[in-house]
Amino acid sequence: MRFTVLASGSGGNACYVETPAARVLIDAGLSCQEMMRRLESVGVDPESLDCLIITHEHTDHVRGAGALARRLDLPVYINASTLRRSMGVLGSISRPVTIHTGQSITIHDLWVETFTKCHDAADPMGLVMSCASARLGLMTDFGRSTGVVEERLKGCHALIIESNHDVKMLEEGPYPLELKRRIKGSEGHLSNRQAAALLADVCHDGLDYVVLAHLSAINNTPEKAMNAVTHALSNRGFHRTKVLVSHQDFPSPMIQL
């Protein structure tokens, strides 16, 4: 299995996962043209995609999804509530595949588990993707961990996990009070401290990579996010896990599991 975070942040989010038989895009929060450009920049022919999976309806996850699905004639895996809420942005898609949260789906040799998470969207989904012995967890856009989240993320060999904000920077920053409350709320976004605590709970000897995602450009820095997470992993004795930060403006390195 190989994967990359093509874009991450409030300006747009997308991840690409590849196995020997499957090529899957998760979310498409950039324009169709930019999504295709970023895929090509990491050596992936957009025409080779098998499908698109949508985690929730917020614009920074679906902005280019409809146009991309129409251009490439892609099936779009999406739950019913998310589909209803995102139709205004998606427009008409010819191949929607309606699933329910908690359902597992198979795309060639890739097994995708879906599960619920706490975010202020209609029916947001976390994902764990498996192929042979490799297991990748994708968990962004959530305000707090739960037993379900921890259970699903344990045993993953790589995690893409939200580390959205530094609490002090958020509290002292320029955002309106209402927005600060939303971000800090149980259905908002995960702080560096919360991300570190979650990783401390789910880390294990087989966790090779952690990719920090959805960092706020205003209320966080890559250094603060990295420091919180690496400190938590070190305290548990996991010094060999590689920690990377994803970016808004360019893809992360392609990681092989």
# chains A, B, ... in the order shown; residues from 1 in each chain; ligands from 1
call {"tool": "residues_around", "arguments": {"residues": "His56 of chain A", "least_positions_apart": "5", "cutoff": "7 Å", "atoms": "only C-alpha atoms", "output": "list in words"}}
result
His61, Thr82, Ala121, Asp123, Pro124 and Met125 of chain A
call {"tool": "write_last_selection", "arguments": {"atoms": "N, CA and C atoms", "output": "PDB file, in the first residue's frame"}}
result
ATOM      1  N   HIS A  61     -13.829  19.596   1.710  1.00  0.00           N
ATOM      2  CA  HIS A  61     -13.672  18.171   1.399  1.00  0.00           C
ATOM      3  C   HIS A  61     -14.396  17.762   0.121  1.00  0.00           C
ATOM      4  N   THR A  82     -24.717  12.661   3.956  1.00  0.00           N
ATOM      5  CA  THR A  82     -23.682  13.499   3.350  1.00  0.00           C
ATOM      6  C   THR A  82     -24.045  13.849   1.920  1.00  0.00           C
ATOM      7  N   ALA A 121     -21.016  17.808  11.226  1.00  0.00           N
ATOM      8  CA  ALA A 121     -21.473  17.507   9.875  1.00  0.00           C
ATOM      9  C   ALA A 121     -22.617  16.504   9.989  1.00  0.00           C
ATOM     10  N   ASP A 123     -23.192  13.297   8.852  1.00  0.00           N
ATOM     11  CA  ASP A 123     -22.876  11.916   9.227  1.00  0.00           C
ATOM     12  C   ASP A 123     -21.413  11.645   8.858  1.00  0.00           C
ATOM     13  N   PRO A 124     -20.476  12.296   9.547  1.00  0.00           N
ATOM     14  CA  PRO A 124     -19.058  12.205   9.160  1.00  0.00           C
ATOM     15  C   PRO A 124     -18.467  10.834   9.453  1.00  0.00           C
ATOM     16  N   MET A 125     -17.508  10.427   8.606  1.00  0.00           N
ATOM     17  CA  MET A 125     -16.921   9.096   8.704  1.00  0.00           C
ATOM     18  C   MET A 125     -15.404   9.162   8.881  1.00  0.00           C
TER      19      MET A 125
END
call {"tool": "select_by_dssp", "arguments": {"residues": "segment 124-246 of chain A", "states": "strand (DSSP E or B)", "output": "PyMOL selection string"}}
result
chain A and resi 125-131+134-139+158-162+165+191+209-213+242-245
call {"tool": "residues_around", "arguments": {"residues": "segment 83-92 of chain A", "least_positions_apart": "5", "cutoff": "8 Å", "atoms": "only C-alpha atoms", "output": "list in words"}}
result
Glu57, His58, Thr59, Val62, Arg63, Gly64, Ala65, Gly66, Ala67, Ile78 and Ala122 of chain A
call {"tool": "residues_around", "arguments": {"residues": "Ser252 of chain A", "least_positions_apart": "4", "cutoff": "9 Å", "atoms": "only C-alpha atoms", "output": "VMD selection string"}}
result
chain A and resid 4 to 7 211 244 to 247
call {"tool": "write_last_selection", "arguments": {"atoms": "N, CA and C atoms", "output": "JSON list (two decimals), in the first residue's frame"}}
result
[["chain", "number", "residue", "atom", "x", "y", "z"],
["A", 4, "THR", "N", -0.52, 9.20, 0.04],
["A", 4, "THR", "CA", -0.04, 10.56, 0.20],
["A", 4, "THR", "C", -1.21, 11.46, 0.57],
["A", 5, "VAL", "N", -0.94, 12.49, 1.35],
["A", 5, "VAL", "CA", -1.92, 13.54, 1.60],
["A", 5, "VAL", "C", -1.69, 14.61, 0.54],
["A", 6, "LEU", "N", -2.61, 14.73, -0.39],
["A", 6, "LEU", "CA", -2.45, 15.66, -1.50],
["A", 6, "LEU", "C", -2.64, 17.10, -1.07],
["A", 7, "ALA", "N", -3.50, 17.33, -0.09],
["A", 7, "ALA", "CA", -3.75, 18.67, 0.43],
["A", 7, "ALA", "C", -4.42, 18.53, 1.78],
["A", 211, "VAL", "N", 1.10, 10.92, 10.06],
["A", 211, "VAL", "CA", 1.05, 12.15, 9.26],
["A", 211, "VAL", "C", 0.04, 13.08, 9.91],
["A", 244, "LEU", "N", 5.37, 13.08, 10.26],
["A", 244, "LEU", "CA", 5.42, 14.07, 9.20],
["A", 244, "LEU", "C", 4.25, 15.03, 9.35],
["A", 245, "VAL", "N", 4.40, 16.21, 8.78],
["A", 245, "VAL", "CA", 3.31, 17.19, 8.75],
["A", 245, "VAL", "C", 2.86, 17.37, 7.30],
["A", 246, "SER", "N", 1.57, 17.23, 7.05],
["A", 246, "SER", "CA", 1.04, 17.48, 5.71],
["A", 246, "SER", "C", 0.84, 18.98, 5.50],
["A", 247, "HIS", "N", 0.61, 19.36, 4.26],
["A", 247, "HIS", "CA", 0.57, 20.79, 3.92],
["A", 247, "HIS", "C", -0.65, 21.12, 3.05]]
call {"tool": "residues_around", "arguments": {"residues": "Leu207 of chain A", "least_positions_apart": "6", "cutoff": "10 Å", "atoms": "only C-alpha atoms", "output": "VMD selection string"}}
result
chain A and resid 135 to 136 154 to 159 199 238 240 to 242
call {"tool": "residues_around", "arguments": {"residues": "Phe115 of chain A", "least_positions_apart": "4", "cutoff": "9 Å", "atoms": "only C-alpha atoms", "output": "ChimeraX atom specification"}}
result
/A:101-104,124-128,148-149,152
call {"tool": "write_last_selection", "arguments": {"atoms": "C-alpha atoms", "output": "mmCIF file, in the first residue's frame"}}
result
data_model
loop_
_atom_site.group_PDB
_atom_site.id
_atom_site.type_symbol
_atom_site.label_atom_id
_atom_site.label_comp_id
_atom_site.auth_asym_id
_atom_site.auth_seq_id
_atom_site.Cartn_x
_atom_site.Cartn_y
_atom_site.Cartn_z
ATOM 1 C CA THR A 101 -21.534 4.660 8.243
ATOM 2 C CA GLY A 102 -20.180 1.515 9.845
ATOM 3 C CA GLN A 103 -20.287 -0.399 6.576
ATOM 4 C CA SER A 104 -17.124 -1.908 5.091
ATOM 5 C CA PRO A 124 -19.058 12.205 9.160
ATOM 6 C CA MET A 125 -16.921 9.096 8.704
ATOM 7 C CA GLY A 126 -13.475 7.982 9.766
ATOM 8 C CA LEU A 127 -11.744 5.360 7.627
ATOM 9 C CA VAL A 128 -9.368 2.457 8.074
ATOM 10 C CA VAL A 148 -14.918 3.558 18.663
ATOM 11 C CA VAL A 149 -12.133 5.754 17.262
ATOM 12 C CA ARG A 152 -10.427 1.237 15.033
#
call {"tool": "residues_around", "arguments": {"residues": "Ser216 of chain A", "least_positions_apart": "5", "cutoff": "10 Å", "atoms": "only C-alpha atoms", "output": "PyMOL selection string"}}
result
chain A and resi 8-11+163-166+170+189+191+221-222+248
call {"tool": "write_last_selection", "arguments": {"atoms": "C-alpha atoms", "output": "CSV table (one decimal), in the first residue's frame"}}
result
chain,number,residue,atom,x,y,z
A,8,SER,CA,-4.7,19.4,4.0
A,9,GLY,CA,-6.1,22.4,5.7
A,10,SER,CA,-9.1,24.7,5.6
A,11,GLY,CA,-8.4,25.5,2.0
A,163,SER,CA,-3.7,18.1,14.8
A,164,ASN,CA,-5.6,21.3,14.1
A,165,HIS,CA,-4.7,23.9,16.7
A,166,ASP,CA,-2.6,24.9,19.6
A,170,LEU,CA,-6.5,29.7,19.3
A,189,HIS,CA,-11.4,20.0,15.6
A,191,SER,CA,-6.0,20.2,19.3
A,221,THR,CA,2.6,25.8,13.6
A,222,PRO,CA,4.1,22.6,12.3
A,248,GLN,CA,-2.1,22.9,2.2
call {"tool": "closest_residue", "arguments": {"among": "A:Val17, A:Met169, A:Leu215, A:Leu74", "to": "Val42 of chain A", "atoms": "only C-alpha atoms"}}
result
A:Val17
call {"tool": "select_by_dssp", "arguments": {"residues": "segment 74-159 of chain A", "states": "alpha helix (DSSP H)", "output": "count of residues only"}}
result
18
call {"tool": "closest_residue", "arguments": {"among": "A:Arg95, A:Tyr209, A:Ile54, A:Glu151", "to": "Ala134 of chain A", "atoms": "only C-alpha atoms"}}
result
A:Tyr209
call {"tool": "atom_distance", "arguments": {"atom1": "atom CA of Ala217 of chain A", "atom2": "atom CA of Glu162 of chain A"}}
result
13.4 Å
call {"tool": "closest_residue", "arguments": {"among": "A:Glu18, A:Leu198, A:Ile161, A:Asp60", "to": "Asp45 of chain A", "atoms": "only C-alpha atoms"}}
result
A:Glu18
call {"tool": "atom_distance", "arguments": {"atom1": "atom CA of Cys51 of chain A", "atom2": "atom CA of Met254 of chain A"}}
result
19.1 Å
